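K.L.:
There's a structure below that I have some questions on.
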Amino acid sequence: ARGMTGANILSTVGESLVSVPFVGSLLQDGLEWWQVALIVLDYLLKFIALGWVPKGRRPTSAMAWLLAIFLLPFVGILLYFLMGSPYINRRRHRIQDRANELLRTITRDEPDVPPGAELTEELTSLVKLNRALTAIPATTGSLVELHPDYDASIRAMADAVDRAETYVNVEIYIMAWDDTTDVFFRALERAVARGVKVHLMFDQVGSWKYPGYLSLGRRLDEIGVEWLMMLPLKPWRWRFRRPDLRNHRKIVVIDGHTAFIGSQNMIDSSYLTSANRRSGRRWVDVMAQVTGPVVTIIDSVFAVDWYTESKQELSVSSPTELTRWLDERTDDDALPDSGADILQIIPSGPGFTTEPNLRLFTSVAHHAKHRLRLVSPYFIPDESLLEAVTTAAYRGVQVELYVSEKADQALVGHAQSSYYEALLRAGVEIHQYPAPAVLHSKFALADDEIALMGSSNMDMRSFGLNYEITVLTTGGDLLTSLRRLAATYKERSYRLTLEEWSRRPWYLQYLDNVARLTSALQ
């Protein structure tokens, strides 16, 4: 074999192919042997894909990938290995598993529900579900303030940073240093100048298309902030991952006792594009400022992500340790007490293979008895969530879905629209927040018992591909404040009717259905 030339090898391969009846017939049709080889290889790959792609995957996702592979010879296979294969991320999953041990260690001795808390059996089972999936128990905390005003929210975060004494941890998906966010970065600069340690992370792919990205790292270095990019693409270092993964979390932690959590990125509400500014498009978001032991859990999620990117361990406290510290403070500027509200943090993402946020949203939809309100810029549910929401409507629950009148991403908007008919026929009320605004808030309310809010959209990307963080509360100020905010959104929104939706032109319906297929490519 070593003595054979390239021509000899190709000739031998061609002679071997001729011996196969199917291949021989193709050659007799006038095709060259290399053309036949490509056809055979294409069919072989498709045959293998039939038994390989569905493994550990939802049927809809498997069918979407198989459709792509069958319709796009070779290209479909390449896309699958780039974005569909669950085996691309072994190294990151190993690191994530080790990092998750930090969460388990911090909360190992904590009960599922704080001592003295009174929850119904159904709510207790929900808390136990979340702990089984993430190892994180429910704890206590207090809402300092809900911040639905975009610019005021950034100023509130800056004010909190100005009160920092020891450290500030910032983890936000999209970050840009612009005229609106300058107040926040200047607060970080002042914090570093007085000896406060500042750790900051932002998602590389999420941030790189916005003005100032190339100089952001240098500016952070100049003010003394220690920063990392989340999920960086570094093929030149032989470190590869699925390019469609994102760390979508938005959290800020100050000294381990105050935190912000929600949907807002650290960028001007126009997202700095000239088209948005011309049209008046602005993002509508909400952040919750909380204090108490729940902050230690939010801080530990940050510590896990910091370790995942840097392998550097950060020191964090347990909820019990913070409660004891808060109770022992006697100075005049004492912090708020540990709070009476029950709060539970639910992190999710590829590191959690059981999809905690999907199971949580689905369980809450099943829990609702009277009224279910869902607020999400992207509502592209899988079968389980769609059935839970429509089933709730069929059994008499008043289900309200709040979305933007016009999505900021055309493909996502069409995919979302493909579900509207089924929702409307089930009796779901769809309220569209008027354009050009983009309703980017993400929360859910079930009766007057449960509220969820955080970074997670109600779509298959957030359920399976994005790293997200959600806070659950079983009552108290956070639930009350979100209920008021939902009422405000309802007053400003337009209710879509089935009759109106049925009059849409056929070509839009066609685009919706095609986009729906692409949403399942996970």
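Ligands are numbered from 1 in the order shown, residues from 1 within each chain, and chains are lettered A, B, ... in the order they appear in the structure tokens.
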Give me every strand (DSSP E) residue in stretch 169-322 of chain A, going by DSSP on the backbone, as a PyMOL selection string.

P.N.:
chain A and resi 169-172+197-203+226-230+246-247+250-254+258-262+283-284+287-291

K.L.:
Go ahead and write the residues just picked, N, CA, C and O atoms, as a CSV table (one decimal), in the first residue's frame.

P.N.:
chain,number,residue,atom,x,y,z
A,169,ASN,N,-19.6,42.1,42.5
A,169,ASN,CA,-19.6,41.1,41.5
A,169,ASN,C,-20.6,41.4,40.4
A,169,ASN,O,-21.8,41.5,40.8
A,170,VAL,N,-20.2,41.5,39.2
A,170,VAL,CA,-21.1,41.9,38.1
A,170,VAL,C,-21.1,40.8,37.0
A,170,VAL,O,-20.0,40.5,36.5
A,171,GLU,N,-22.3,40.3,36.6
A,171,GLU,CA,-22.4,39.3,35.6
A,171,GLU,C,-23.6,39.7,34.7
A,171,GLU,O,-24.7,39.5,35.1
A,172,ILE,N,-23.3,40.2,33.5
A,172,ILE,CA,-24.4,40.7,32.7
A,172,ILE,C,-24.1,40.3,31.2
A,172,ILE,O,-23.0,40.5,30.7
A,197,LYS,N,-12.9,45.3,45.8
A,197,LYS,CA,-12.5,44.4,44.7
A,197,LYS,C,-13.7,44.2,43.8
A,197,LYS,O,-14.8,43.9,44.2
A,198,VAL,N,-13.5,44.4,42.5
A,198,VAL,CA,-14.6,44.3,41.5
A,198,VAL,C,-14.3,43.2,40.5
A,198,VAL,O,-13.2,43.2,39.8
A,199,HIS,N,-15.2,42.2,40.4
A,199,HIS,CA,-15.1,41.2,39.4
A,199,HIS,C,-16.3,41.4,38.4
A,199,HIS,O,-17.4,41.7,38.9
A,200,LEU,N,-16.0,41.3,37.2
A,200,LEU,CA,-17.0,41.6,36.1
A,200,LEU,C,-16.9,40.6,35.0
A,200,LEU,O,-15.8,40.3,34.5
A,201,MET,N,-18.1,40.1,34.5
A,201,MET,CA,-18.1,39.2,33.4
A,201,MET,C,-19.2,39.6,32.4
A,201,MET,O,-20.3,40.1,32.8
A,202,PHE,N,-18.9,39.4,31.2
A,202,PHE,CA,-19.9,39.7,30.1
A,202,PHE,C,-19.7,38.6,29.0
A,202,PHE,O,-18.7,38.0,28.9
A,203,ASP,N,-20.8,38.3,28.3
A,203,ASP,CA,-20.8,37.3,27.3
A,203,ASP,C,-20.1,37.9,26.0
A,203,ASP,O,-20.5,38.9,25.5
A,226,GLU,N,-11.3,43.7,37.5
A,226,GLU,CA,-10.9,42.4,37.1
A,226,GLU,C,-12.0,41.8,36.3
A,226,GLU,O,-13.1,41.6,36.8
A,227,TRP,N,-11.8,41.5,35.0
A,227,TRP,CA,-12.9,41.1,34.1
A,227,TRP,C,-12.6,39.8,33.3
A,227,TRP,O,-11.4,39.5,33.1
A,228,LEU,N,-13.7,39.2,32.9
A,228,LEU,CA,-13.6,38.0,32.1
A,228,LEU,C,-14.7,38.0,31.1
A,228,LEU,O,-15.8,38.5,31.3
A,229,MET,N,-14.4,37.4,29.9
A,229,MET,CA,-15.5,37.1,29.0
A,229,MET,C,-16.1,35.8,29.2
A,229,MET,O,-15.4,34.8,29.5
A,230,MET,N,-17.4,35.7,29.2
A,230,MET,CA,-18.1,34.4,29.4
A,230,MET,C,-18.2,33.7,28.0
A,230,MET,O,-18.5,34.3,27.0
A,246,ARG,N,-24.9,30.7,25.1
A,246,ARG,CA,-24.7,32.0,25.7
A,246,ARG,C,-24.9,32.0,27.2
A,246,ARG,O,-25.7,31.2,27.7
A,247,ASN,N,-24.2,32.8,27.9
A,247,ASN,CA,-24.4,33.1,29.3
A,247,ASN,C,-25.3,34.3,29.4
A,247,ASN,O,-24.9,35.4,29.2
A,250,LYS,N,-28.1,38.0,34.3
A,250,LYS,CA,-27.9,39.5,34.6
A,250,LYS,C,-28.0,39.6,36.1
A,250,LYS,O,-29.1,39.6,36.7
A,251,ILE,N,-26.9,39.7,36.8
A,251,ILE,CA,-26.8,39.8,38.2
A,251,ILE,C,-25.7,40.8,38.7
A,251,ILE,O,-24.7,40.9,38.0
A,252,VAL,N,-26.0,41.5,39.7
A,252,VAL,CA,-25.0,42.4,40.4
A,252,VAL,C,-25.1,42.1,41.9
A,252,VAL,O,-26.2,42.1,42.5
A,253,VAL,N,-24.0,41.8,42.5
A,253,VAL,CA,-23.9,41.5,44.0
A,253,VAL,C,-23.0,42.5,44.6
A,253,VAL,O,-21.8,42.7,44.2
A,254,ILE,N,-23.4,43.1,45.7
A,254,ILE,CA,-22.6,44.0,46.5
A,254,ILE,C,-22.4,43.5,47.9
A,254,ILE,O,-23.4,43.3,48.7
A,258,THR,N,-26.5,42.6,49.2
A,258,THR,CA,-27.4,43.3,48.3
A,258,THR,C,-27.2,42.8,46.9
A,258,THR,O,-26.0,42.6,46.5
A,259,ALA,N,-28.3,42.5,46.2
A,259,ALA,CA,-28.1,42.0,44.8
A,259,ALA,C,-29.2,42.6,43.9
A,259,ALA,O,-30.3,42.9,44.4
A,260,PHE,N,-28.9,42.6,42.6
A,260,PHE,CA,-29.9,42.9,41.6
A,260,PHE,C,-30.0,41.7,40.7
A,260,PHE,O,-29.0,41.1,40.3
A,261,ILE,N,-31.2,41.4,40.3
A,261,ILE,CA,-31.5,40.3,39.4
A,261,ILE,C,-32.6,40.6,38.5
A,261,ILE,O,-33.6,41.2,39.0
A,262,GLY,N,-32.6,40.2,37.2
A,262,GLY,CA,-33.7,40.5,36.3
A,262,GLY,C,-33.3,40.3,34.9
A,262,GLY,O,-32.5,39.4,34.6
A,283,TRP,N,-35.9,49.2,24.8
A,283,TRP,CA,-36.2,48.0,25.5
A,283,TRP,C,-36.8,48.3,26.9
A,283,TRP,O,-36.4,49.3,27.5
A,284,VAL,N,-37.8,47.6,27.2
A,284,VAL,CA,-38.5,47.7,28.5
A,284,VAL,C,-38.1,46.5,29.4
A,284,VAL,O,-38.4,45.3,29.0
A,287,MET,N,-35.6,45.0,36.9
A,287,MET,CA,-34.6,44.4,37.8
A,287,MET,C,-35.2,44.5,39.3
A,287,MET,O,-35.8,45.5,39.6
A,288,ALA,N,-34.9,43.5,40.0
A,288,ALA,CA,-35.3,43.4,41.4
A,288,ALA,C,-34.1,43.6,42.3
A,288,ALA,O,-33.1,42.9,42.1
A,289,GLN,N,-34.1,44.6,43.2
A,289,GLN,CA,-33.1,44.8,44.2
A,289,GLN,C,-33.5,44.1,45.5
A,289,GLN,O,-34.5,44.4,46.1
A,290,VAL,N,-32.7,43.1,45.9
A,290,VAL,CA,-33.0,42.3,47.0
A,290,VAL,C,-31.9,42.3,48.0
A,290,VAL,O,-30.7,42.6,47.7
A,291,THR,N,-32.2,41.9,49.3
A,291,THR,CA,-31.2,41.8,50.3
A,291,THR,C,-31.6,40.6,51.2
A,291,THR,O,-32.7,40.0,51.0

K.L.:
Report the distance between atom CA of A:Arg504 and atom CA of A:Glu429 in Å, rounded to one decimal place.

P.N.:
18.0 Å

K.L.:
Show me, as a ChimeraX atom specification, the residues that have an atom within 12 Å of A:Glu122 when counting only C-alpha atoms, minus same-chain residues fewer than 2 positions from it.

P.N.:
/A:118-120,124-129,363-364,366-368,449-450,474

K.L.:
Between A:Ala340, A:Val36, A:Gly256, A:Asp221, which has the minimum distance to A:Pro115 (counting only C-alpha atoms)?

P.N.:
A:Ala340

K.L.:
Apply DSSP to the structure's backbone, then extract all residues of stretch 411-518 of chain A labelled alpha helix (DSSP H) and return them as a ChimeraX atom specification.

P.N.:
/A:411-417,420-426,460-464,477-492,498-502,506-518

K.L.:
Please dump the current selection as an mmCIF file, in the first residue's frame; keep C-alpha atoms.

P.N.:
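Result saved to out38.cif:
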data_model
loop_
_atom_site.group_PDB
_atom_site.id
_atom_site.type_symbol
_atom_site.label_atom_id
_atom_site.label_comp_id
_atom_site.auth_asym_id
_atom_site.auth_seq_id
_atom_site.Cartn_x
_atom_site.Cartn_y
_atom_site.Cartn_z
ATOM 1 C CA LEU A 411 -36.946 34.889 12.731
ATOM 2 C CA VAL A 412 -37.793 34.661 16.429
ATOM 3 C CA GLY A 413 -40.891 36.786 15.876
ATOM 4 C CA HIS A 414 -42.173 34.449 13.164
ATOM 5 C CA ALA A 415 -41.449 31.352 15.271
ATOM 6 C CA GLN A 416 -43.340 32.873 18.187
ATOM 7 C CA SER A 417 -46.269 33.832 15.964
ATOM 8 C CA TYR A 420 -50.583 32.177 18.561
ATOM 9 C CA GLU A 421 -53.463 30.359 16.870
ATOM 10 C CA ALA A 422 -53.261 27.356 19.206
ATOM 11 C CA LEU A 423 -53.030 29.671 22.212
ATOM 12 C CA LEU A 424 -55.957 31.834 21.117
ATOM 13 C CA ARG A 425 -58.149 28.833 20.348
ATOM 14 C CA ALA A 426 -57.463 27.509 23.845
ATOM 15 C CA MET A 460 -36.352 26.550 23.848
ATOM 16 C CA ARG A 461 -33.070 28.484 23.703
ATOM 17 C CA SER A 462 -33.387 29.644 27.313
ATOM 18 C CA PHE A 463 -34.565 26.207 28.408
ATOM 19 C CA GLY A 464 -31.730 24.275 26.799
ATOM 20 C CA ASP A 477 -43.368 42.242 48.313
ATOM 21 C CA LEU A 478 -41.758 40.863 45.154
ATOM 22 C CA LEU A 479 -44.942 39.088 44.081
ATOM 23 C CA THR A 480 -47.063 42.143 44.905
ATOM 24 C CA SER A 481 -44.763 44.477 42.953
ATOM 25 C CA LEU A 482 -44.700 42.188 39.908
ATOM 26 C CA ARG A 483 -48.479 41.932 39.985
ATOM 27 C CA ARG A 484 -48.716 45.729 39.832
ATOM 28 C CA LEU A 485 -46.201 45.839 36.999
ATOM 29 C CA ALA A 486 -48.213 43.270 35.017
ATOM 30 C CA ALA A 487 -51.306 45.441 35.464
ATOM 31 C CA THR A 488 -49.359 48.408 34.082
ATOM 32 C CA TYR A 489 -48.280 46.377 31.047
ATOM 33 C CA LYS A 490 -51.896 45.321 30.482
ATOM 34 C CA GLU A 491 -53.104 48.912 30.465
ATOM 35 C CA ARG A 492 -50.545 49.805 27.802
ATOM 36 C CA LEU A 498 -58.496 35.060 17.081
ATOM 37 C CA GLU A 499 -60.634 36.691 14.395
ATOM 38 C CA GLU A 500 -57.984 39.306 13.728
ATOM 39 C CA TRP A 501 -55.180 36.745 13.731
ATOM 40 C CA SER A 502 -57.038 34.479 11.285
ATOM 41 C CA TRP A 506 -50.918 33.130 3.808
ATOM 42 C CA TYR A 507 -47.265 34.035 3.185
ATOM 43 C CA LEU A 508 -46.823 35.234 6.776
ATOM 44 C CA GLN A 509 -48.294 31.970 8.017
ATOM 45 C CA TYR A 510 -45.819 30.117 5.790
ATOM 46 C CA LEU A 511 -42.890 32.078 7.242
ATOM 47 C CA ASP A 512 -44.165 31.414 10.759
ATOM 48 C CA ASN A 513 -44.209 27.658 10.200
ATOM 49 C CA VAL A 514 -40.746 27.572 8.638
ATOM 50 C CA ALA A 515 -39.354 29.628 11.529
ATOM 51 C CA ARG A 516 -41.022 27.256 13.972
ATOM 52 C CA LEU A 517 -38.936 24.399 12.577
ATOM 53 C CA THR A 518 -35.680 26.329 13.010
#

K.L.:
For stretch 205-218 of chain A, list every protein, DNA or RNA residue within 10 Å, evaluated using only C-alpha atoms, and leave out those in the same chain fewer than 4 positions away; present the list as a PyMOL selection string.

P.N.:
chain A and resi 172-178+222-233+243-248+265-267+271-273

K.L.:
Skipping near chain neighbours, those fewer than 6 positions away, what residues fall within 10 Å of A:Glu313 using only C-alpha atoms, listed as a PyMOL selection string?

P.N.:
chain A and resi 99+102+303-307

K.L.:
Suppose we keep C-alpha atoms; can you now write the selection as a PDB file, in the first residue's frame?

P.N.:
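The resulting file, out33.pdb, is reproduced below:
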ATOM      1  CA  ALA A  99     -18.047  24.144  39.934  1.00  0.00           C
ATOM      2  CA  LEU A 102     -19.531  24.695  45.282  1.00  0.00           C
ATOM      3  CA  ALA A 303     -18.763  32.286  41.895  1.00  0.00           C
ATOM      4  CA  VAL A 304     -19.542  29.139  39.909  1.00  0.00           C
ATOM      5  CA  ASP A 305     -19.485  31.070  36.624  1.00  0.00           C
ATOM      6  CA  TRP A 306     -16.269  32.857  37.588  1.00  0.00           C
ATOM      7  CA  TYR A 307     -14.657  29.510  38.395  1.00  0.00           C
TER       8      TYR A 307
END

K.L.:
What gap, in Å, lies between atom CA of A:Glu387 and atom CA of A:Ala451?

P.N.:
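If I compute the distance from atom CA of A:Glu387 to atom CA of A:Ala451, I get 20.1 Å.
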